[in-house]
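**Q** Below: one structure in structure tokens.
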Amino acid sequence: MHMPTAEAPFHFNFGAPSDAPSAIQADAVAADQQPDRLSSVEVRPPYQLSPSLQLDQVALTDALYLLKGRVSSAAAAFLVKDGNLQSSDLEPGKYEGGFKLWECAVDLAQHLCKEYSLDKLISSRTDPNHDLVGKRVLELGCGQGLPGIVPLLAGADVHFQDFNQEVLTSLTSQNVTANRQRLPRSRRPVSARYFSGDWGTLGSLMASENLGGSYDIILSAETIYNLDSQQQLFDCIKQAIKPPTGVAYIAAKTYYFGVGGGTTSFKKMLKRDGMLEVHTVATFDEGDGNKREILKLKFPDHIIPYFL
């Protein structure tokens, strides 16, 4: 295992140059198989940490960092079996950018640390926040999975979902293992599950696993950049969130130039639907007229008595 180094979060940059090639685990994904990317399935990756994985540090607070693996563009292209990924960050219908570290994912992980007072997330010999212990958390479009790893290390049961099985197998689960190994032995074991596939088919899988309407917290970062996928994500959230106390956090830019999505259009859609309230709980000014935001979705207070 390589020594961790610091790495800046990734920005949207369609058509970016390729990274230098890196070593690929031969068993990360079978080279002669092409998974059905639309059907949602549970993925059971190996839980041991690859000794060849290069790790970077991502600072969340002055006293806390998480570890994340690094996968080059050439490696991503090999794993997903698409040479276009060496010169493109996204390949619609085939690859949704899960090997990159997106900046709003870091925003969301940092926000969770602040909201739940998790400066001692790693170093504490006891659970750092009992409000998270035993909670069920779902990260949709997880990629690297840093937002989900925060509550996982605090004692929550976290389920990671990504469009690409290869991302979950080669990176997300590796990040979970790398950070889980840093916890003191006195801390309780933490539990993670992994699901791949399209959001449109995730609801039926949840129902078959008795997971529908069971998630206390839902997380998602940089997943509403495309207008065409916003309704599908929201439908998935509505199927998964636990009434009446469940909440969802969505981190994204106000607008994504060239693709049209963002928090502005997403908030309008939520307000038209009316099932969940939406509040902006954090804003980061990029200085170019655009902003990054974290949205909190919750059930309206007036409906809570109907569930009691």
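Chain lettering (A, B, ...) mirrors the order of the structure tokens, residue numbering begins at 1 for each chain separately, and ligand numbering begins at 1 in order of display.
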Taking the chain letters and numbering used in this document, name the residues of range 105-272 of chain A that DSSP puts in alpha helix (DSSP H), as number ranges by chain.

**A** A: 105-115, 146-153, 165-167, 173-180, 199-208, 227-240, 263-272

**Q** Grab the residues selected above and save them as a PDB file, in the first residue's frame with C-alpha atoms.

**A**
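Result went into selection_6.pdb, see below:
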```
ATOM      1  CA  ALA A 105     -18.637  15.216  -2.308  1.00  0.00           C
ATOM      2  CA  VAL A 106     -15.943  16.814  -0.158  1.00  0.00           C
ATOM      3  CA  ASP A 107     -18.349  19.655   0.713  1.00  0.00           C
ATOM      4  CA  LEU A 108     -20.937  17.135   1.884  1.00  0.00           C
ATOM      5  CA  ALA A 109     -18.457  15.069   3.920  1.00  0.00           C
ATOM      6  CA  GLN A 110     -17.206  18.243   5.602  1.00  0.00           C
ATOM      7  CA  HIS A 111     -20.756  19.393   6.319  1.00  0.00           C
ATOM      8  CA  LEU A 112     -21.639  16.091   7.992  1.00  0.00           C
ATOM      9  CA  CYS A 113     -18.556  16.361  10.210  1.00  0.00           C
ATOM     10  CA  LYS A 114     -19.655  19.835  11.272  1.00  0.00           C
ATOM     11  CA  GLU A 115     -23.330  19.012  11.772  1.00  0.00           C
ATOM     12  CA  LEU A 146     -16.499   9.833   1.211  1.00  0.00           C
ATOM     13  CA  PRO A 147     -19.823  11.315   2.435  1.00  0.00           C
ATOM     14  CA  GLY A 148     -21.100   7.824   3.314  1.00  0.00           C
ATOM     15  CA  ILE A 149     -17.838   6.868   5.004  1.00  0.00           C
ATOM     16  CA  VAL A 150     -18.323   9.692   7.540  1.00  0.00           C
ATOM     17  CA  PRO A 151     -21.477   8.236   9.188  1.00  0.00           C
ATOM     18  CA  LEU A 152     -20.124   4.711   8.685  1.00  0.00           C
ATOM     19  CA  LEU A 153     -17.125   5.471  10.897  1.00  0.00           C
ATOM     20  CA  GLN A 165     -20.219  -2.131 -10.303  1.00  0.00           C
ATOM     21  CA  GLU A 166     -16.558  -1.617 -11.211  1.00  0.00           C
ATOM     22  CA  VAL A 167     -16.438   1.555  -9.095  1.00  0.00           C
ATOM     23  CA  SER A 173     -15.176  -0.677  -0.950  1.00  0.00           C
ATOM     24  CA  GLN A 174     -11.416  -0.135  -0.890  1.00  0.00           C
ATOM     25  CA  ASN A 175     -11.928   3.341   0.579  1.00  0.00           C
ATOM     26  CA  VAL A 176     -14.279   1.890   3.187  1.00  0.00           C
ATOM     27  CA  THR A 177     -11.685  -0.716   4.170  1.00  0.00           C
ATOM     28  CA  ALA A 178      -8.786   1.756   4.247  1.00  0.00           C
ATOM     29  CA  ASN A 179     -10.638   4.070   6.625  1.00  0.00           C
ATOM     30  CA  ARG A 180     -12.281   1.352   8.715  1.00  0.00           C
ATOM     31  CA  TRP A 199     -31.837   4.411 -10.044  1.00  0.00           C
ATOM     32  CA  GLY A 200     -34.911   3.371 -11.995  1.00  0.00           C
ATOM     33  CA  THR A 201     -34.461  -0.256 -10.943  1.00  0.00           C
ATOM     34  CA  LEU A 202     -33.173   0.345  -7.410  1.00  0.00           C
ATOM     35  CA  GLY A 203     -36.642   0.660  -5.893  1.00  0.00           C
ATOM     36  CA  SER A 204     -37.650  -2.894  -6.806  1.00  0.00           C
ATOM     37  CA  LEU A 205     -34.393  -4.235  -5.359  1.00  0.00           C
ATOM     38  CA  MET A 206     -35.006  -2.312  -2.139  1.00  0.00           C
ATOM     39  CA  ALA A 207     -38.501  -3.761  -1.903  1.00  0.00           C
ATOM     40  CA  SER A 208     -37.156  -7.293  -2.322  1.00  0.00           C
ATOM     41  CA  LEU A 227     -31.900  17.564 -16.006  1.00  0.00           C
ATOM     42  CA  ASP A 228     -32.961  14.210 -17.435  1.00  0.00           C
ATOM     43  CA  SER A 229     -31.888  12.287 -14.320  1.00  0.00           C
ATOM     44  CA  GLN A 230     -33.196  14.609 -11.591  1.00  0.00           C
ATOM     45  CA  GLN A 231     -36.705  13.149 -11.450  1.00  0.00           C
ATOM     46  CA  GLN A 232     -35.327   9.620 -11.358  1.00  0.00           C
ATOM     47  CA  LEU A 233     -33.071  10.485  -8.419  1.00  0.00           C
ATOM     48  CA  PHE A 234     -35.929  12.155  -6.560  1.00  0.00           C
ATOM     49  CA  ASP A 235     -38.232   9.180  -7.159  1.00  0.00           C
ATOM     50  CA  CYS A 236     -35.518   6.937  -5.726  1.00  0.00           C
ATOM     51  CA  ILE A 237     -35.189   9.172  -2.655  1.00  0.00           C
ATOM     52  CA  LYS A 238     -38.945   9.041  -2.080  1.00  0.00           C
ATOM     53  CA  GLN A 239     -38.867   5.240  -2.257  1.00  0.00           C
ATOM     54  CA  ALA A 240     -35.971   4.997   0.200  1.00  0.00           C
ATOM     55  CA  THR A 263     -29.695  22.860  -7.429  1.00  0.00           C
ATOM     56  CA  THR A 264     -31.788  25.669  -8.962  1.00  0.00           C
ATOM     57  CA  SER A 265     -33.783  23.328 -11.192  1.00  0.00           C
ATOM     58  CA  PHE A 266     -33.821  20.565  -8.554  1.00  0.00           C
ATOM     59  CA  LYS A 267     -35.373  22.843  -5.918  1.00  0.00           C
ATOM     60  CA  LYS A 268     -38.069  23.922  -8.371  1.00  0.00           C
ATOM     61  CA  MET A 269     -38.919  20.278  -9.068  1.00  0.00           C
ATOM     62  CA  LEU A 270     -39.166  19.463  -5.336  1.00  0.00           C
ATOM     63  CA  LYS A 271     -41.423  22.420  -4.675  1.00  0.00           C
ATOM     64  CA  ARG A 272     -43.750  21.371  -7.500  1.00  0.00           C
TER      65      ARG A 272
END
```

**Q** Range 117-241 of chain A: which residues are strand (DSSP E) by DSSP, as an NGL selection string?

**A** :A and (136-140 or 157-162 or 192-196 or 217-221)

**Q** Between CA of Leu66 in chain A and CA of Pro45 in chain A, what is the spacing in Å?

**A**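 Separation of CA of Pro45 in chain A and CA of Leu66 in chain A: 20.3 Å.
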
**Q** For Lys242 in chain A, which of A:Gly212, A:Gly145, A:Gly260, A:Pro184 is the closest residue, counting only C-alpha atoms?

**A** A:Gly212
